[in-house]
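Since the structure comes first, as structure tokens, the remarks are kept for the end.
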Amino acid sequence: MVVDLLLIGLAVTLFPLSVMAFVLVLASPRGVRKGLAFILSWLACLVAVIGLVVLVTGGQPPAPRSAPSTAALVATVVIGLGLIGYAWYRRRRLHRGAADRAVSEKAPRKASSPDGISLRYAAVLPLLLQPWGMVSAAGVTVVHADLSDAGNVVALVVFCLVATSTLLVMELWMVFSPERAHHTLTGLHAWLTRHKEPAIFALCLLLGLWLVSHGLYELA
């Protein structure tokens with residue numbers, strides 16, 4: 001479970017669309033304050049998913065080979081296949097020569113300009129840009145968490161921190177070195193605008209393959 005959560009957390013924190021949106025949030029007027037609202041909302045989404053799963057399981061993992069345990073493994077495989085399918089969709093989209101956008105097509109257009117981002121909107125953006133397929137994979141993984149084990153509790157906390165680490169680093173950098181951070185993050189946004197499709201393809205494909213192989217191995 002720990003390895004799965006770490007891999008999922010890394011995929012979540014490196015997901016290009018949310019990173020691009022956060023750069024725009026930081027570049028907006030009073031960006032640090034809006035960035036904090038974005039991060040808190042982002043964390044709230046992760047905690048809500050974990051809390052919902054823990055509420056259902058009662059903090060106790062299902063018995064091996066039981067119906068709930070098997071269902072969780074099947075869900076892992078299905079989510080993995082979904083990520084692989086999404087990866088190929090993005091690859092075909094790239095090969096068709098689809099025009100790059102500054103932010104995900106799921107986000108309204110005003111998010112593509114720093115001036116159009118208010119504090120309230122910055123808090124709503126994580127709901128639109130969270131990679132929910134990956135977060136769902138984390139939720140299914142948490143089904144196997146035993147909260148009576150302190151190590152499992154630490155693993156859940158570490159997952160939330162890892163999944164938010166890129167945002168936290170950019171936020172702190174903007175606080176302590178705003179001019180340098182602004183220049184570098186602007187360059188990062190431009191680079192991701194050109195390369196986000198291959199990055200999304202690689203992240204989703206690799207994580208999807210891991211989830212499918214791991215789920216099938218446990219089922220066998």
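To be explicit about the labels: the chains of the structure tokens are called A, B, and onward in the order shown, and within each one the residues are counted from 1, while ligands get numbers from 1 in the order they are shown.
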Task: Spatial neighbours of Gly85 (chain A), max dist 9 Å, only C-alpha atoms, sep filter under 4 positions, as a VMD selection string - done: chain A and resid 80 to 81 89 to 90 204 to 205 208
Deliver the residues from the most recent selection as a file, using N, CA, C and O atoms, as a PDB file, in the first residue's frame.
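Result saved to out-v1.pdb:
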ATOM      1  N   GLY A  80      -6.747   1.551 -13.564  1.00  0.00           N
ATOM      2  CA  GLY A  80      -5.510   1.485 -14.334  1.00  0.00           C
ATOM      3  C   GLY A  80      -5.772   1.437 -15.831  1.00  0.00           C
ATOM      4  O   GLY A  80      -5.116   2.130 -16.615  1.00  0.00           O
ATOM      5  N   LEU A  81      -6.746   0.626 -16.240  1.00  0.00           N
ATOM      6  CA  LEU A  81      -7.106   0.558 -17.654  1.00  0.00           C
ATOM      7  C   LEU A  81      -7.648   1.901 -18.139  1.00  0.00           C
ATOM      8  O   LEU A  81      -7.387   2.309 -19.284  1.00  0.00           O
ATOM      9  N   TYR A  89      -5.643   8.371 -25.529  1.00  0.00           N
ATOM     10  CA  TYR A  89      -6.486   9.446 -26.060  1.00  0.00           C
ATOM     11  C   TYR A  89      -5.674  10.729 -26.204  1.00  0.00           C
ATOM     12  O   TYR A  89      -5.755  11.415 -27.235  1.00  0.00           O
ATOM     13  N   ARG A  90      -4.862  11.058 -25.176  1.00  0.00           N
ATOM     14  CA  ARG A  90      -4.038  12.262 -25.249  1.00  0.00           C
ATOM     15  C   ARG A  90      -2.982  12.126 -26.348  1.00  0.00           C
ATOM     16  O   ARG A  90      -2.649  13.104 -27.029  1.00  0.00           O
ATOM     17  N   CYS A 204       0.177   9.034 -17.124  1.00  0.00           N
ATOM     18  CA  CYS A 204      -1.013   8.180 -17.082  1.00  0.00           C
ATOM     19  C   CYS A 204      -0.697   6.757 -17.522  1.00  0.00           C
ATOM     20  O   CYS A 204      -1.197   5.787 -16.930  1.00  0.00           O
ATOM     21  N   LEU A 205       0.139   6.618 -18.555  1.00  0.00           N
ATOM     22  CA  LEU A 205       0.476   5.281 -19.047  1.00  0.00           C
ATOM     23  C   LEU A 205       1.258   4.495 -17.993  1.00  0.00           C
ATOM     24  O   LEU A 205       0.924   3.334 -17.697  1.00  0.00           O
ATOM     25  N   GLY A 208      -0.932   3.766 -14.968  1.00  0.00           N
ATOM     26  CA  GLY A 208      -1.951   2.795 -15.359  1.00  0.00           C
ATOM     27  C   GLY A 208      -1.391   1.394 -15.461  1.00  0.00           C
ATOM     28  O   GLY A 208      -1.999   0.430 -14.978  1.00  0.00           O
TER      29      GLY A 208
END
- [ ] For Leu192 (chain A), work out the shell of residues within 12 Å, counting only C-alpha atoms and skipping chain neighbours fewer than 3 positions away, then give it as number ranges by chain.
- [x] A: 14-21, 23, 100-104, 185-189, 195-200
Only C-alpha atoms, please: the residues just picked out, written as a short mmCIF file (atom, residue, chain, number, x, y, z; two decimals), in the first residue's frame.
data_model
loop_
_atom_site.label_atom_id
_atom_site.label_comp_id
_atom_site.auth_asym_id
_atom_site.auth_seq_id
_atom_site.Cartn_x
_atom_site.Cartn_y
_atom_site.Cartn_z
CA LEU A 14 3.58 16.19 -11.33
CA PHE A 15 0.33 16.35 -13.31
CA PRO A 16 1.00 19.20 -15.79
CA LEU A 17 -2.48 20.75 -15.97
CA SER A 18 -2.70 21.51 -12.26
CA VAL A 19 0.90 22.80 -12.20
CA MET A 20 0.15 25.16 -15.10
CA ALA A 21 -2.98 26.46 -13.42
CA VAL A 23 1.57 29.05 -11.93
CA ASP A 100 -2.24 23.55 -27.04
CA ARG A 101 -4.17 25.49 -24.44
CA ALA A 102 -2.72 27.29 -21.44
CA VAL A 103 -4.88 25.36 -19.01
CA SER A 104 -6.95 22.18 -19.17
CA LEU A 185 7.72 29.69 -13.15
CA THR A 186 6.81 31.73 -16.22
CA GLY A 187 9.39 29.72 -18.16
CA LEU A 188 8.02 26.50 -16.67
CA HIS A 189 4.52 27.41 -17.79
CA HIS A 195 5.13 19.59 -23.73
CA LYS A 196 2.12 18.88 -21.53
CA GLU A 197 0.61 16.25 -23.85
CA PRO A 198 3.65 13.92 -23.84
CA ALA A 199 3.97 14.44 -20.07
CA ILE A 200 0.32 13.52 -19.45
#
TODO: Would you return as a PyMOL selection string the members of chain A that DSSP assigns to helix (DSSP H, G or I) on this structure's backbone?
DONE: chain A and resi 2-13+16-27+31-57+67-95+109-112+114-116+119-129+132-142+150-176+178-219
TODO: May I have the residues within 7 Å of Val140 (chain A) as a list in words, using only C-alpha atoms and disregarding those fewer than 4 positions away in the same chain?
DONE: Ala72, Thr76 and Ser136 of chain A
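Residues in contact with Val3 (chain A) at up to 12 Å, not including ones fewer than 6 positions away on its chain and judged by only C-alpha atoms, are Gly9, Leu10, Ala138, Thr141, Val142, Asn152, Ala155, Leu156, Val158, Phe159, Leu207, Trp210, Leu211 and His214 of chain A.
Proximity ranking of A:Ala137, A:Val175, A:Ile117, A:Thr184 relative to Ala75 (chain A) places A:Ala137 first, based on only C-alpha atoms.
Residue neighbourhood of Phe22 (chain A), excluding near-sequence residues (fewer than 4 positions): Pro16, Leu17, Ser18, Leu26, Ala27, Ser28, Gly31, Lys34, Gly35, Phe38, Ile39, Val103, Ala111, Pro114, Ala122, Leu125, Pro126, Leu129, Thr166, Leu167, Met170, Glu171, Leu185 and His189 of chain A, at 10 Å, using only C-alpha atoms.
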